[in-house]
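K.L.:
Supplied structure: my_file_33.txt, compact mmCIF, C-alpha atoms.
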```
# COMPACT_ATOMS: atom_id res chain seq x y z
CA MET A 1 48.29 -15.46 -17.54
CA LYS A 2 46.39 -17.29 -14.85
CA ARG A 3 46.10 -14.01 -12.86
CA TYR A 4 44.67 -12.11 -15.85
CA THR A 5 42.21 -14.94 -16.52
CA SER A 6 41.00 -14.74 -12.91
CA ILE A 7 40.57 -10.95 -13.08
CA PHE A 8 38.71 -11.26 -16.38
CA ALA A 9 36.44 -13.96 -14.94
CA ILE A 10 35.62 -11.78 -11.90
CA LEU A 11 34.84 -8.78 -14.12
CA LEU A 12 32.68 -10.92 -16.41
CA LEU A 13 30.74 -12.38 -13.50
CA SER A 14 30.20 -8.91 -12.03
CA ALA A 15 28.87 -7.65 -15.36
CA ILE A 16 26.49 -10.59 -15.63
CA ALA A 17 25.30 -10.12 -12.03
CA ALA A 18 24.72 -6.41 -12.61
CA GLN A 19 22.54 -7.14 -15.66
CA ALA A 20 20.54 -9.94 -13.96
CA GLU A 21 18.02 -7.87 -12.00
CA SER A 22 16.12 -9.31 -9.07
CA PRO A 23 12.35 -9.85 -9.46
CA MET A 24 11.70 -6.93 -7.10
CA GLN A 25 13.92 -4.62 -9.14
CA GLU A 26 12.09 -5.67 -12.31
CA MET A 27 8.67 -5.08 -10.71
CA LYS A 28 9.81 -1.70 -9.45
CA ALA A 29 10.98 -0.74 -12.93
CA THR A 30 7.67 -1.83 -14.47
CA THR A 31 5.54 -0.08 -11.82
CA GLU A 32 7.50 3.16 -12.12
CA LYS A 33 7.32 3.04 -15.91
CA VAL A 34 3.55 2.49 -15.91
CA LEU A 35 2.98 5.35 -13.46
CA LEU A 36 5.22 7.66 -15.48
CA LEU A 37 3.31 6.85 -18.67
CA LEU A 38 -0.08 7.31 -17.01
CA LYS A 39 0.88 10.63 -15.44
CA ASP A 40 1.95 12.15 -18.75
CA PRO A 41 -0.09 15.37 -19.15
CA LYS A 42 -0.90 14.34 -22.74
CA VAL A 43 -3.07 11.38 -21.57
CA GLN A 44 -5.05 12.98 -18.74
CA GLY A 45 -8.82 13.29 -18.63
CA GLU A 46 -11.77 11.09 -19.55
CA ALA A 47 -11.27 11.69 -23.28
CA LYS A 48 -7.84 10.04 -23.11
CA MET A 49 -9.03 6.90 -21.29
CA ASP A 50 -8.49 4.73 -24.37
CA GLU A 51 -4.88 5.85 -24.71
CA ARG A 52 -4.15 5.19 -21.05
CA ARG A 53 -5.78 1.77 -21.38
CA GLN A 54 -3.53 0.94 -24.35
CA LEU A 55 -0.43 2.04 -22.46
CA VAL A 56 -1.28 -0.27 -19.57
CA ARG A 57 -2.12 -3.16 -21.91
CA ALA A 58 1.25 -2.81 -23.65
CA GLU A 59 3.11 -3.03 -20.33
CA MET A 60 0.94 -5.93 -19.13
CA GLU A 61 1.82 -7.77 -22.34
CA LYS A 62 5.53 -7.51 -21.53
CA ARG A 63 5.30 -8.37 -17.82
CA PHE A 64 2.70 -11.16 -17.65
CA GLU A 65 3.24 -14.86 -18.39
CA TRP A 66 -0.21 -15.50 -19.89
CA GLU A 67 0.14 -19.19 -20.61
CA GLN A 68 1.33 -20.00 -17.10
CA SER A 69 -1.41 -17.86 -15.61
CA ALA A 70 -4.07 -19.51 -17.78
CA ARG A 71 -2.70 -22.95 -16.93
CA ALA A 72 -2.85 -22.13 -13.22
CA CYS A 73 -6.42 -20.84 -13.52
CA LEU A 74 -7.68 -23.98 -15.25
CA GLY A 75 -6.21 -26.22 -12.56
CA HIS A 76 -6.70 -29.93 -13.22
CA HIS A 77 -8.87 -29.16 -16.29
CA TRP A 78 -5.71 -28.08 -18.14
CA THR A 79 -4.44 -31.66 -18.53
CA GLU A 80 -7.73 -32.70 -20.18
CA ARG A 81 -7.57 -30.07 -22.95
CA THR A 82 -6.17 -30.47 -26.47
CA PRO A 83 -3.34 -28.13 -27.58
CA ALA A 84 -5.82 -26.19 -29.75
CA GLU A 85 -8.23 -25.73 -26.80
CA LYS A 86 -5.37 -24.60 -24.58
CA ALA A 87 -4.22 -22.05 -27.16
CA GLU A 88 -7.75 -20.67 -27.55
CA PHE A 89 -8.21 -20.48 -23.79
CA VAL A 90 -4.88 -18.69 -23.25
CA LYS A 91 -5.76 -16.14 -25.96
CA LEU A 92 -9.28 -15.47 -24.61
CA PHE A 93 -8.18 -15.40 -20.98
CA SER A 94 -5.31 -12.98 -21.58
CA GLU A 95 -7.64 -10.60 -23.46
CA PHE A 96 -10.21 -10.90 -20.66
CA LEU A 97 -7.62 -9.97 -18.01
CA LYS A 98 -6.09 -7.17 -20.04
CA ASN A 99 -9.50 -5.63 -20.76
CA ASN A 100 -10.61 -5.67 -17.14
CA TYR A 101 -7.44 -4.80 -15.30
CA ALA A 102 -6.10 -2.24 -17.76
CA ASP A 103 -9.42 -0.45 -17.24
CA GLN A 104 -9.04 -0.39 -13.47
CA ILE A 105 -5.40 0.68 -13.49
CA ALA A 106 -6.07 3.40 -16.08
CA THR A 107 -8.95 4.68 -13.90
CA TYR A 108 -7.54 4.53 -10.37
CA TYR A 109 -3.84 5.38 -10.86
CA ASN A 110 -4.47 8.94 -9.68
CA ASP A 111 -5.62 7.70 -6.27
CA LEU A 112 -2.15 6.32 -5.61
CA ASP A 113 0.08 8.19 -3.20
CA HIS A 114 3.16 5.96 -3.01
CA VAL A 115 4.44 2.39 -3.31
CA ASP A 116 6.54 0.60 -0.67
CA TYR A 117 8.57 -2.42 -1.79
CA GLN A 118 8.55 -4.81 1.15
CA GLY A 119 10.70 -7.68 -0.05
CA GLU A 120 11.05 -10.74 -2.22
CA LYS A 121 11.33 -14.50 -1.77
CA ILE A 122 12.92 -16.66 -4.47
CA LEU A 123 12.37 -20.44 -4.78
CA ASP A 124 14.36 -21.79 -7.75
CA ASN A 125 12.82 -20.09 -10.78
CA TYR A 126 9.78 -18.75 -8.87
CA ALA A 127 9.57 -15.54 -6.88
CA SER A 128 7.17 -13.66 -4.67
CA VAL A 129 7.47 -9.86 -4.54
CA LYS A 130 5.49 -8.01 -1.87
CA ILE A 131 4.56 -4.35 -2.09
CA VAL A 132 2.12 -2.01 -0.36
CA LEU A 133 0.18 0.57 -2.35
CA THR A 134 -0.91 3.54 -0.26
CA THR A 135 -3.68 5.73 -1.61
CA LYS A 136 -3.99 9.49 -1.13
CA ALA A 137 -6.61 8.66 1.50
CA LYS A 138 -3.82 6.83 3.39
CA VAL A 139 -5.44 3.43 2.92
CA GLU A 140 -2.86 0.67 2.48
CA HIS A 141 -3.32 -2.21 0.05
CA PRO A 142 -0.85 -5.11 0.34
CA ILE A 143 -0.13 -6.76 -3.01
CA GLU A 144 1.98 -9.78 -3.84
CA TYR A 145 3.25 -10.54 -7.34
CA ARG A 146 4.07 -14.19 -7.98
CA MET A 147 6.56 -14.50 -10.77
CA GLU A 148 8.43 -17.05 -12.81
CA LYS A 149 11.61 -16.96 -14.84
CA ALA A 150 11.69 -19.65 -17.51
CA PRO A 151 15.12 -21.28 -18.00
CA SER A 152 15.62 -19.59 -21.39
CA ALA A 153 14.11 -16.23 -20.37
CA GLU A 154 15.92 -13.00 -19.52
CA ASP A 155 13.37 -11.57 -17.14
CA TRP A 156 10.78 -12.41 -14.52
CA LYS A 157 7.13 -12.57 -15.51
CA ILE A 158 3.98 -12.43 -13.41
CA TYR A 159 1.64 -15.43 -13.26
CA ASP A 160 -0.47 -14.37 -10.27
CA VAL A 161 -1.38 -11.20 -8.39
CA VAL A 162 -2.56 -11.49 -4.78
CA ILE A 163 -4.46 -8.43 -3.60
CA GLU A 164 -5.09 -8.22 0.15
CA GLY A 165 -4.76 -11.96 0.43
CA VAL A 166 -7.02 -12.76 -2.54
CA SER A 167 -5.20 -14.64 -5.28
CA LEU A 168 -6.41 -13.77 -8.77
CA VAL A 169 -5.45 -17.24 -10.03
CA LYS A 170 -7.19 -19.05 -7.18
CA ASN A 171 -10.29 -16.91 -7.51
CA TYR A 172 -10.58 -17.55 -11.23
CA ARG A 173 -9.79 -21.24 -10.75
CA ASP A 174 -12.74 -21.53 -8.34
CA GLN A 175 -14.99 -19.67 -10.78
CA PHE A 176 -13.89 -21.67 -13.82
CA ASP A 177 -14.40 -24.91 -11.86
CA ALA A 178 -17.97 -23.86 -11.10
CA VAL A 179 -18.71 -22.85 -14.70
CA ILE A 180 -17.26 -26.09 -16.13
CA ALA A 181 -19.20 -28.15 -13.55
CA LYS A 182 -22.42 -26.35 -14.50
CA SER A 183 -21.90 -26.55 -18.28
CA SER A 184 -18.62 -27.57 -19.98
CA PHE A 185 -15.24 -26.25 -21.13
CA SER A 186 -16.93 -24.88 -24.27
CA GLY A 187 -19.44 -23.20 -21.99
CA LEU A 188 -16.54 -21.56 -20.15
CA LEU A 189 -15.07 -20.24 -23.41
CA LYS A 190 -18.47 -18.87 -24.38
CA GLU A 191 -18.81 -17.08 -21.02
CA ILE A 192 -15.37 -15.50 -21.35
CA LYS A 193 -16.19 -14.36 -24.91
CA SER A 194 -19.43 -12.81 -23.65
CA LYS A 195 -17.38 -10.59 -21.34
CA GLN A 196 -15.48 -8.93 -24.20
CA PRO A 197 -15.73 -5.11 -24.14
CA ALA A 198 -18.61 -4.72 -26.61
CA THR A 199 -20.92 -6.75 -24.33
CA ASN A 200 -19.72 -5.49 -20.89
CA THR A 201 -22.74 -4.26 -18.99
CA ILE A 202 -23.32 -3.05 -15.47
CA LEU A 203 -25.54 -5.69 -13.84
CA MET B 1 21.43 -50.73 -13.93
CA LEU B 2 18.04 -51.74 -15.38
CA LEU B 3 16.20 -50.36 -12.35
CA LEU B 4 18.09 -47.08 -12.53
CA SER B 5 17.27 -46.72 -16.24
CA CYS B 6 13.56 -47.38 -15.59
CA SER B 7 13.59 -44.83 -12.79
CA ALA B 8 15.26 -42.25 -15.02
CA PHE B 9 12.76 -42.95 -17.81
CA ALA B 10 9.82 -42.60 -15.38
CA LYS B 11 11.15 -39.31 -14.01
CA GLU B 12 11.70 -38.00 -17.52
CA ASN B 13 8.06 -38.64 -18.34
CA GLU B 14 6.60 -37.44 -15.05
CA PRO B 15 4.85 -34.10 -15.52
CA THR B 16 6.75 -31.28 -13.83
CA ASP B 17 6.14 -27.57 -13.57
CA GLY B 18 8.45 -27.11 -16.54
CA ASP B 19 6.21 -29.43 -18.58
CA GLN B 20 3.37 -27.30 -19.92
CA LYS B 21 1.13 -30.39 -20.21
CA ALA B 22 0.84 -30.83 -16.45
CA GLU B 23 -1.36 -29.01 -13.97
CA PHE B 24 0.49 -26.00 -12.55
CA LYS B 25 1.58 -26.30 -8.91
CA ASP B 26 2.14 -22.90 -7.32
CA PRO B 27 5.08 -23.08 -4.85
CA PHE B 28 3.48 -20.20 -2.89
CA ALA B 29 -0.01 -21.71 -2.74
CA ALA B 30 0.22 -22.35 1.01
CA ASP B 31 0.43 -18.59 1.58
CA SER B 32 -3.06 -18.17 0.12
CA GLY B 33 -6.36 -19.33 1.52
CA PRO B 34 -7.77 -22.84 1.82
CA ALA B 35 -8.22 -25.02 -1.25
CA LYS B 36 -11.78 -24.88 -2.56
CA SER B 37 -12.41 -28.39 -1.31
CA LYS B 38 -11.92 -27.17 2.24
CA THR B 39 -14.58 -24.41 2.10
CA SER B 40 -17.96 -25.66 3.21
CA ASP B 41 -21.07 -24.37 1.46
CA PRO B 42 -23.90 -26.89 2.07
CA LEU B 43 -26.48 -24.08 1.86
CA GLU B 44 -25.31 -22.88 -1.55
CA ALA B 45 -28.82 -22.82 -3.05
CA ILE B 46 -30.17 -20.56 -0.28
CA ASN B 47 -26.98 -18.52 -0.25
CA ARG B 48 -27.25 -17.89 -3.99
CA THR B 49 -30.84 -16.66 -3.49
CA PHE B 50 -29.71 -14.20 -0.84
CA PHE B 51 -26.72 -13.23 -3.00
CA HIS B 52 -29.07 -12.27 -5.84
CA PHE B 53 -31.33 -10.47 -3.38
CA ASN B 54 -28.39 -8.46 -2.02
CA ASN B 55 -27.27 -7.66 -5.56
CA TRP B 56 -30.80 -6.50 -6.41
CA LEU B 57 -30.89 -4.39 -3.20
CA TYR B 58 -27.56 -2.83 -4.14
CA ARG B 59 -28.63 -1.98 -7.69
CA ARG B 60 -32.13 -0.76 -6.82
CA ALA B 61 -31.54 1.04 -3.54
CA LEU B 62 -28.01 1.37 -2.22
CA ARG B 63 -26.22 2.35 -5.46
CA PRO B 64 -28.72 5.03 -6.58
CA VAL B 65 -28.85 6.53 -3.09
CA SER B 66 -25.04 6.47 -2.84
CA LYS B 67 -24.70 8.10 -6.27
CA ALA B 68 -27.15 10.85 -5.29
CA TYR B 69 -25.29 11.35 -2.01
CA ARG B 70 -22.02 11.56 -3.92
CA THR B 71 -23.31 14.41 -6.10
CA VAL B 72 -24.08 16.57 -3.04
CA ALA B 73 -21.23 15.47 -0.76
CA PRO B 74 -17.73 16.21 -2.07
CA LYS B 75 -15.05 13.56 -1.54
CA PRO B 76 -13.17 15.40 1.25
CA PHE B 77 -16.42 15.51 3.25
CA ARG B 78 -17.08 11.81 2.60
CA MET B 79 -13.53 10.93 3.67
CA CYS B 80 -14.12 12.84 6.94
CA VAL B 81 -17.28 10.78 7.52
CA TYR B 82 -15.34 7.59 6.73
CA ARG B 83 -12.64 8.54 9.25
CA LEU B 84 -15.24 9.46 11.87
CA PHE B 85 -16.79 5.99 11.74
CA THR B 86 -13.37 4.33 11.67
CA ASN B 87 -12.51 6.21 14.86
CA LEU B 88 -15.82 5.22 16.49
CA ASN B 89 -14.98 1.56 15.80
CA TYR B 90 -12.11 1.84 18.29
CA PRO B 91 -13.82 -0.33 20.98
CA VAL B 92 -14.01 -3.29 18.58
CA ARG B 93 -10.33 -3.03 17.61
CA VAL B 94 -8.93 -2.43 21.09
CA VAL B 95 -10.98 -5.15 22.83
CA ASN B 96 -10.09 -7.73 20.21
CA ASN B 97 -6.42 -6.81 20.15
CA VAL B 98 -6.41 -7.39 23.93
CA LEU B 99 -8.29 -10.70 23.58
CA GLU B 100 -5.64 -11.75 21.04
CA ALA B 101 -2.89 -10.73 23.51
CA ARG B 102 -1.66 -8.07 21.06
CA PHE B 103 -1.13 -5.53 23.79
CA LYS B 104 1.23 -3.30 21.81
CA SER B 105 -1.41 -3.05 19.08
CA ALA B 106 -4.07 -2.25 21.69
CA GLY B 107 -1.80 0.51 22.97
CA ILE B 108 -1.34 1.94 19.49
CA GLU B 109 -5.09 1.85 18.91
CA THR B 110 -5.68 3.73 22.16
CA ALA B 111 -3.07 6.33 21.24
CA ARG B 112 -4.73 6.68 17.81
CA PHE B 113 -8.14 7.16 19.40
CA VAL B 114 -6.88 9.85 21.77
CA VAL B 115 -4.95 11.71 19.07
CA ASN B 116 -7.67 11.53 16.41
CA SER B 117 -10.47 12.37 18.85
CA THR B 118 -8.65 15.52 20.02
CA VAL B 119 -6.19 16.83 17.45
CA GLY B 120 -8.17 15.04 14.73
CA VAL B 121 -11.42 16.83 15.73
CA ALA B 122 -13.59 13.91 16.90
CA GLY B 123 -12.01 11.59 14.34
CA LEU B 124 -12.82 13.66 11.26
CA PHE B 125 -9.10 13.77 10.51
CA ASP B 126 -6.35 11.24 11.00
CA PRO B 127 -3.16 12.87 12.27
CA ALA B 128 -2.31 9.61 14.07
CA THR B 129 -1.39 7.89 10.77
CA HIS B 130 0.90 10.80 9.87
CA TRP B 131 2.63 10.21 13.21
CA LYS B 132 3.18 6.51 12.31
CA LEU B 133 0.37 5.28 14.59
CA LYS B 134 -1.30 2.99 12.05
CA VAL B 135 -4.64 1.20 12.36
CA GLN B 136 -4.28 -2.20 14.07
CA PRO B 137 -7.15 -4.21 12.52
CA ALA B 138 -8.91 -6.68 14.77
CA ASP B 139 -12.44 -7.97 15.15
CA PHE B 140 -14.19 -10.80 16.95
CA ASP B 141 -14.07 -13.12 13.93
CA GLN B 142 -10.30 -12.70 13.86
CA THR B 143 -10.15 -13.32 17.63
CA LEU B 144 -12.10 -16.56 17.28
CA ALA B 145 -9.68 -17.62 14.52
CA VAL B 146 -6.74 -16.94 16.84
CA TYR B 147 -8.39 -19.32 19.32
CA ARG B 148 -8.50 -21.87 16.47
CA ILE B 149 -12.27 -21.86 16.05
CA PRO B 150 -12.80 -23.08 12.47
CA ASN B 151 -14.75 -21.05 9.93
CA GLY B 152 -17.71 -23.39 9.70
CA ILE B 153 -20.17 -23.21 6.83
CA TYR B 154 -20.48 -20.28 4.45
CA LEU B 155 -23.54 -18.07 4.81
CA ILE B 156 -24.93 -15.05 3.01
CA TRP B 157 -27.15 -12.85 5.16
CA PRO B 158 -29.80 -10.68 3.50
CA ALA B 159 -28.63 -7.07 3.47
CA LEU B 160 -25.55 -7.92 5.53
CA GLY B 161 -23.56 -9.93 3.02
CA PRO B 162 -21.24 -12.94 3.35
CA ALA B 163 -19.96 -14.45 6.59
CA SER B 164 -18.89 -17.87 7.72
CA LEU B 165 -20.66 -19.30 10.78
CA ARG B 166 -17.72 -18.08 12.84
CA GLY B 167 -17.89 -14.72 11.06
CA THR B 168 -21.57 -14.44 11.98
CA VAL B 169 -20.76 -14.92 15.65
CA GLY B 170 -17.97 -12.39 15.09
CA MET B 171 -20.43 -9.82 13.72
CA ALA B 172 -22.69 -10.34 16.74
CA GLY B 173 -19.75 -9.85 19.07
CA ASP B 174 -18.67 -6.65 17.31
CA THR B 175 -22.22 -5.31 17.37
CA ALA B 176 -22.29 -5.84 21.15
CA LEU B 177 -19.29 -3.49 21.40
CA ASN B 178 -21.12 -0.69 19.55
CA PRO B 179 -21.23 2.32 21.94
CA ALA B 180 -24.87 2.89 20.95
CA TRP B 181 -25.87 -0.02 23.19
CA TYR B 182 -24.32 1.59 26.29
CA LEU B 183 -24.95 5.27 25.75
CA ASP B 184 -28.42 6.79 25.87
CA ILE B 185 -28.67 7.28 22.12
CA PRO B 186 -32.17 7.28 20.56
CA LEU B 187 -32.78 4.38 18.20
CA VAL B 188 -33.54 6.72 15.30
CA VAL B 189 -30.07 8.26 15.65
CA THR B 190 -28.41 4.83 15.70
CA VAL B 191 -30.33 3.70 12.62
CA GLY B 192 -29.56 6.98 10.86
CA ALA B 193 -25.86 6.70 11.67
CA THR B 194 -25.76 3.12 10.36
CA GLY B 195 -27.44 4.27 7.17
CA LEU B 196 -25.02 7.15 6.72
CA LYS B 197 -22.03 4.86 7.32
CA THR B 198 -23.30 2.37 4.71
CA VAL B 199 -24.17 4.97 2.06
CA ASN B 200 -20.98 6.93 2.64
CA GLY B 201 -18.82 3.79 2.41
CA THR B 202 -20.58 2.66 -0.77
CA SER B 203 -20.16 6.08 -2.39
CA LEU B 204 -16.40 5.65 -2.16
CA HIS B 205 -16.42 2.33 -4.07
CA ILE B 206 -19.26 2.36 -6.62
CA GLU B 207 -17.20 1.97 -9.80
CA GLU B 208 -15.00 -0.69 -8.20
CA TYR B 209 -18.07 -2.87 -7.58
CA ASP B 210 -19.18 -2.52 -11.21
CA SER B 211 -15.67 -3.25 -12.49
CA LEU B 212 -15.42 -6.32 -10.31
CA MET B 213 -18.78 -7.66 -11.49
CA ASN B 214 -17.63 -7.25 -15.10
CA ALA B 215 -14.38 -9.08 -14.29
CA THR B 216 -16.08 -12.21 -12.93
CA LEU B 217 -17.86 -15.11 -14.59
CA ASP B 218 -19.52 -16.40 -11.42
CA PRO B 219 -19.73 -13.49 -8.95
CA TYR B 220 -21.14 -15.74 -6.21
CA VAL B 221 -18.14 -18.08 -6.34
CA ALA B 222 -15.77 -15.12 -6.73
CA GLN B 223 -17.16 -13.52 -3.56
CA ARG B 224 -17.07 -16.79 -1.59
CA SER B 225 -13.48 -17.55 -2.60
CA ALA B 226 -12.37 -13.97 -1.89
CA TYR B 227 -14.12 -14.00 1.51
CA PHE B 228 -12.27 -17.09 2.75
CA ASP B 229 -8.92 -16.01 1.28
CA HIS B 230 -9.22 -12.59 2.88
CA GLN B 231 -10.16 -14.10 6.25
CA PHE B 232 -7.23 -16.50 6.01
CA THR B 233 -4.77 -13.66 5.40
CA ALA B 234 -6.28 -11.39 8.06
CA THR B 235 -6.07 -14.10 10.71
CA LYS B 236 -2.49 -15.05 9.79
CA LYS B 237 -1.11 -11.77 11.19
```
Take the structure in the file and write it out as structure tokens.
P.N.:
Amino acid sequence: MKRYTSIFAILLLSAIAAQAESPMQEMKATTEKVLLLLKDPKVQGEAKMDERRQLVRAEMEKRFEWEQSARACLGHHWTERTPAEKAEFVKLFSEFLKNNYADQIATYYNDLDHVDYQGEKILDNYASVKIVLTTKAKVEHPIEYRMEKAPSAEDWKIYDVVIEGVSLVKNYRDQFDAVIAKSSFSGLLKEIKSKQPATNTIL
Amino acid sequence: MLLLSCSAFAKENEPTDGDQKAEFKDPFAADSGPAKSKTSDPLEAINRTFFHFNNWLYRRALRPVSKAYRTVAPKPFRMCVYRLFTNLNYPVRVVNNVLEARFKSAGIETARFVVNSTVGVAGLFDPATHWKLKVQPADFDQTLAVYRIPNGIYLIWPALGPASLRGTVGMAGDTALNPAWYLDIPLVVTVGATGLKTVNGTSLHIEEYDSLMNATLDPYVAQRSAYFDHQFTATKK
């Protein structure tokens, strides 16, 4: 009986391990899925830009941890905000990021030649996954995804993207600091709202 | 027992990363650039003036010229021009790789230069990368960082863009390695080549600039933060 229990335990643990993917495996799956969706012949061309944008937004929704990202971008200002202010900021910020970055991904995906997955580093429930995107012009762009897996969550989610050494979270934190110092937190919300698609203009 | 209970109570109420009320502490933050408090920008008012000037120059002159150039020069041609100037920047990369004691990288750069200048038809093509001889980036700013010279204050130069004080010295050092200073090249050719390099490079990134400007709330701060983070990463290698 004891022998069968041991065998069962080993099989169960193996099954669990097989299902628990590493952060790099999860990022690879997401990247490959997004590229496959974008390269579908049915969504090619300028006329289909909106559809491609929506495809990217849907995948971003699944893979990003918006609240953590927003919390990181507000820095020490986060602790001073009420729950309602935090909720409004998270909602506005996530829309702001989705609008801007879905646009760029849906525009430039065709310039991509291949992706190299360099490695991952895991610290408790945080992980860093490093990849290199190589364009068709053979220019390499190192990217690092910083991810978190909440205790109750099944998968890893992104809270920061570092492109060629420039952290998105740090960059926005510096900007938001400057805007709040110049006006206020309400002023920051107003600025983010002004960047919604209907009012995007080329400067 | 009482002390242990108090300690446990204090720890339970201490904000942690799992507590969404607390400020988020990124465990990988040290891999990124310096905290904002460590970047020095005492000339921010003047820098912002030059930043707006450069933005105006880009919108009124560089972008329209680059767009017009793009309509007459197909992308394969523009990529050849880009590769030509990358190849001509060999002296900067090789000298600085040597100054940084990265002799293997200097060797690779030399091999790249020879291959691309011959097989690659004067650098118009890049067979060296296909043969796994990749670019080994290095410049004088990076070299000064290797010798632990700090960045110094942040500056924005009219028409040239952002550079720390160290980066400014770096730009001067790189300019001194430009072959135009040592070869008998007429000034008008040097100026023309610089113009072509700038317009050609811009033509490859026009929409990215516009997208980035739409994605920022304070483009001046965004550029400053990105500059220091990028320098930090480049000098870590």
K.L.:
I need every residue sitting at most 8 Å from the point (-19.3, 9.4, 8.6) (coordinates as in the file, only C-alpha atoms considered), written as a list in words.
P.N.:
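Residues found, by chain and rising number: Arg78, Met79, Cys80, Val81, Tyr82, Arg83, Leu84, Phe85, Ala193, Leu196, Lys197 and Asn200 of chain B.
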K.L.:
For the selection just defined, write its residues with C-alpha atoms to a file, as a PDB file, keeping the file's coordinate frame.
P.N.:
```
ATOM      1  CA  ARG B  78     -17.080  11.810   2.600  1.00  0.00           C
ATOM      2  CA  MET B  79     -13.530  10.930   3.670  1.00  0.00           C
ATOM      3  CA  CYS B  80     -14.120  12.840   6.940  1.00  0.00           C
ATOM      4  CA  VAL B  81     -17.280  10.780   7.520  1.00  0.00           C
ATOM      5  CA  TYR B  82     -15.340   7.590   6.730  1.00  0.00           C
ATOM      6  CA  ARG B  83     -12.640   8.540   9.250  1.00  0.00           C
ATOM      7  CA  LEU B  84     -15.240   9.460  11.870  1.00  0.00           C
ATOM      8  CA  PHE B  85     -16.790   5.990  11.740  1.00  0.00           C
ATOM      9  CA  ALA B 193     -25.860   6.700  11.670  1.00  0.00           C
ATOM     10  CA  LEU B 196     -25.020   7.150   6.720  1.00  0.00           C
ATOM     11  CA  LYS B 197     -22.030   4.860   7.320  1.00  0.00           C
ATOM     12  CA  ASN B 200     -20.980   6.930   2.640  1.00  0.00           C
TER      13      ASN B 200
END
```
K.L.:
Could you list, with a cut-off of 6 Å and counting all atoms listed in the file, the residues of chain B near chain A, each shown with its nearest atom pair and the distance in Å rounded to one decimal, rows sorted by chain and ascending number, as a tab-separated table?
P.N.:
```
residue	atom	partner	partner_atom	distance
B:Lys21	CA	A:Thr79	CA	6.0
B:Ala22	CA	A:Thr79	CA	5.7
B:Glu23	CA	A:His76	CA	5.5
B:Phe24	CA	A:Ala72	CA	5.2
B:Asp210	CA	A:Ile202	CA	6.0
B:Ala215	CA	A:Asn100	CA	5.8
B:Asp218	CA	A:Gln175	CA	5.6
B:Val221	CA	A:Gln175	CA	5.7
B:Ala222	CA	A:Asn171	CA	5.8
B:Ser225	CA	A:Asn171	CA	5.9
B:Ala226	CA	A:Val166	CA	5.5
B:Asp229	CA	A:Val166	CA	5.4
B:His230	CA	A:Gly165	CA	5.1
B:Thr233	CA	A:Gly165	CA	5.3
```
K.L.:
Considering all atoms listed in the file, return as a CSV table (one decimal) with C-alpha atoms, in the frame of the given file whatever protein or nucleic-acid residues lie within 12 Å of Thr198 in chain B, sequence-local ones (same chain, fewer than 6 positions apart) excluded.
P.N.:
```
chain,number,residue,atom,x,y,z
B,58,TYR,CA,-27.6,-2.8,-4.1
B,61,ALA,CA,-31.5,1.0,-3.5
B,62,LEU,CA,-28.0,1.4,-2.2
B,63,ARG,CA,-26.2,2.4,-5.5
B,65,VAL,CA,-28.8,6.5,-3.1
B,66,SER,CA,-25.0,6.5,-2.8
B,69,TYR,CA,-25.3,11.4,-2.0
B,78,ARG,CA,-17.1,11.8,2.6
B,81,VAL,CA,-17.3,10.8,7.5
B,82,TYR,CA,-15.3,7.6,6.7
B,85,PHE,CA,-16.8,6.0,11.7
B,159,ALA,CA,-28.6,-7.1,3.5
B,160,LEU,CA,-25.6,-7.9,5.5
B,191,VAL,CA,-30.3,3.7,12.6
B,192,GLY,CA,-29.6,7.0,10.9
B,204,LEU,CA,-16.4,5.6,-2.2
B,205,HIS,CA,-16.4,2.3,-4.1
```
K.L.:
Could you state the separation of CA of Asp141 in chain B and CA of Ser105 in chain B in Å, given to one decimal place?
P.N.:
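One can read the CA of Asp141 in chain B to CA of Ser105 in chain B distance as 17.0 Å.
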K.L.:
Give me, as a list in words, all polymer residues having an atom no more than 12 Å from Val115 in chain A, counting all atoms listed in the file and skipping those fewer than 2 positions away in the same chain.
P.N.:
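Returned residues: Met27, Lys28, Thr31, Glu32, Leu35, Tyr109, Asp111, Leu112, Asp113, Tyr117, Gln118, Lys130, Ile131, Val132, Leu133, Thr134, Thr135, Lys136, Lys138, Val139, Glu140, His141, Pro142 and Ile143 of chain A.
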K.L.:
Pick out the residues sitting within 8 Å of range 37-54 of chain B, and hand them over as a list of chain:residue names; count all atoms listed in the file, and ignore anything fewer than 4 positions along from it in its own chain.
P.N.:
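The neighbour list is B:Tyr58, B:Gly152, B:Ile153, B:Tyr154, B:Leu155, B:Ile156, B:Trp157, B:Pro158, B:Ala159, B:Gly161, B:Tyr220, B:Phe228.
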K.L.:
Draw an axis-aligned box tight on the listed atoms of range 62-77 of chain A, then pad every side by 4 Å and write out centre and edge lengths in Å to one decimal as JSON.
P.N.:
```
{"center_x": -1.7, "center_y": -18.7, "center_z": -17.0, "size_x": 22.4, "size_y": 30.4, "size_z": 17.0}
```
K.L.:
So the first atom is CA of Gly173 in chain B and the second is CA of Ala145 in chain B; what is the distance between them in Å, to one decimal place?
P.N.:
13.5 Å
K.L.:
Can you measure CA of Val129 in chain A to CA of Pro23 in chain A for me? One decimal in Å is fine.
P.N.:
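Computed distance, CA of Val129 in chain A to CA of Pro23 in chain A, equals 6.9 Å.
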K.L.:
Write out as a ChimeraX atom specification the residues lying within 10 Å of range 109-124 of chain B, counting all atoms listed in the file and excluding same-chain residues fewer than 3 positions away.
P.N.:
/B:77-91,93-95,97,103-106,127-129,131-137
K.L.:
Mind checking which residues fall within 10 Å of Met49 in chain A, counting all atoms listed in the file, ignoring those fewer than 4 positions away in the same chain, and posting them as JSON, numbers by chain?
P.N.:
{"A": [38, 43, 44, 45, 53, 54, 55, 103, 106, 107]}
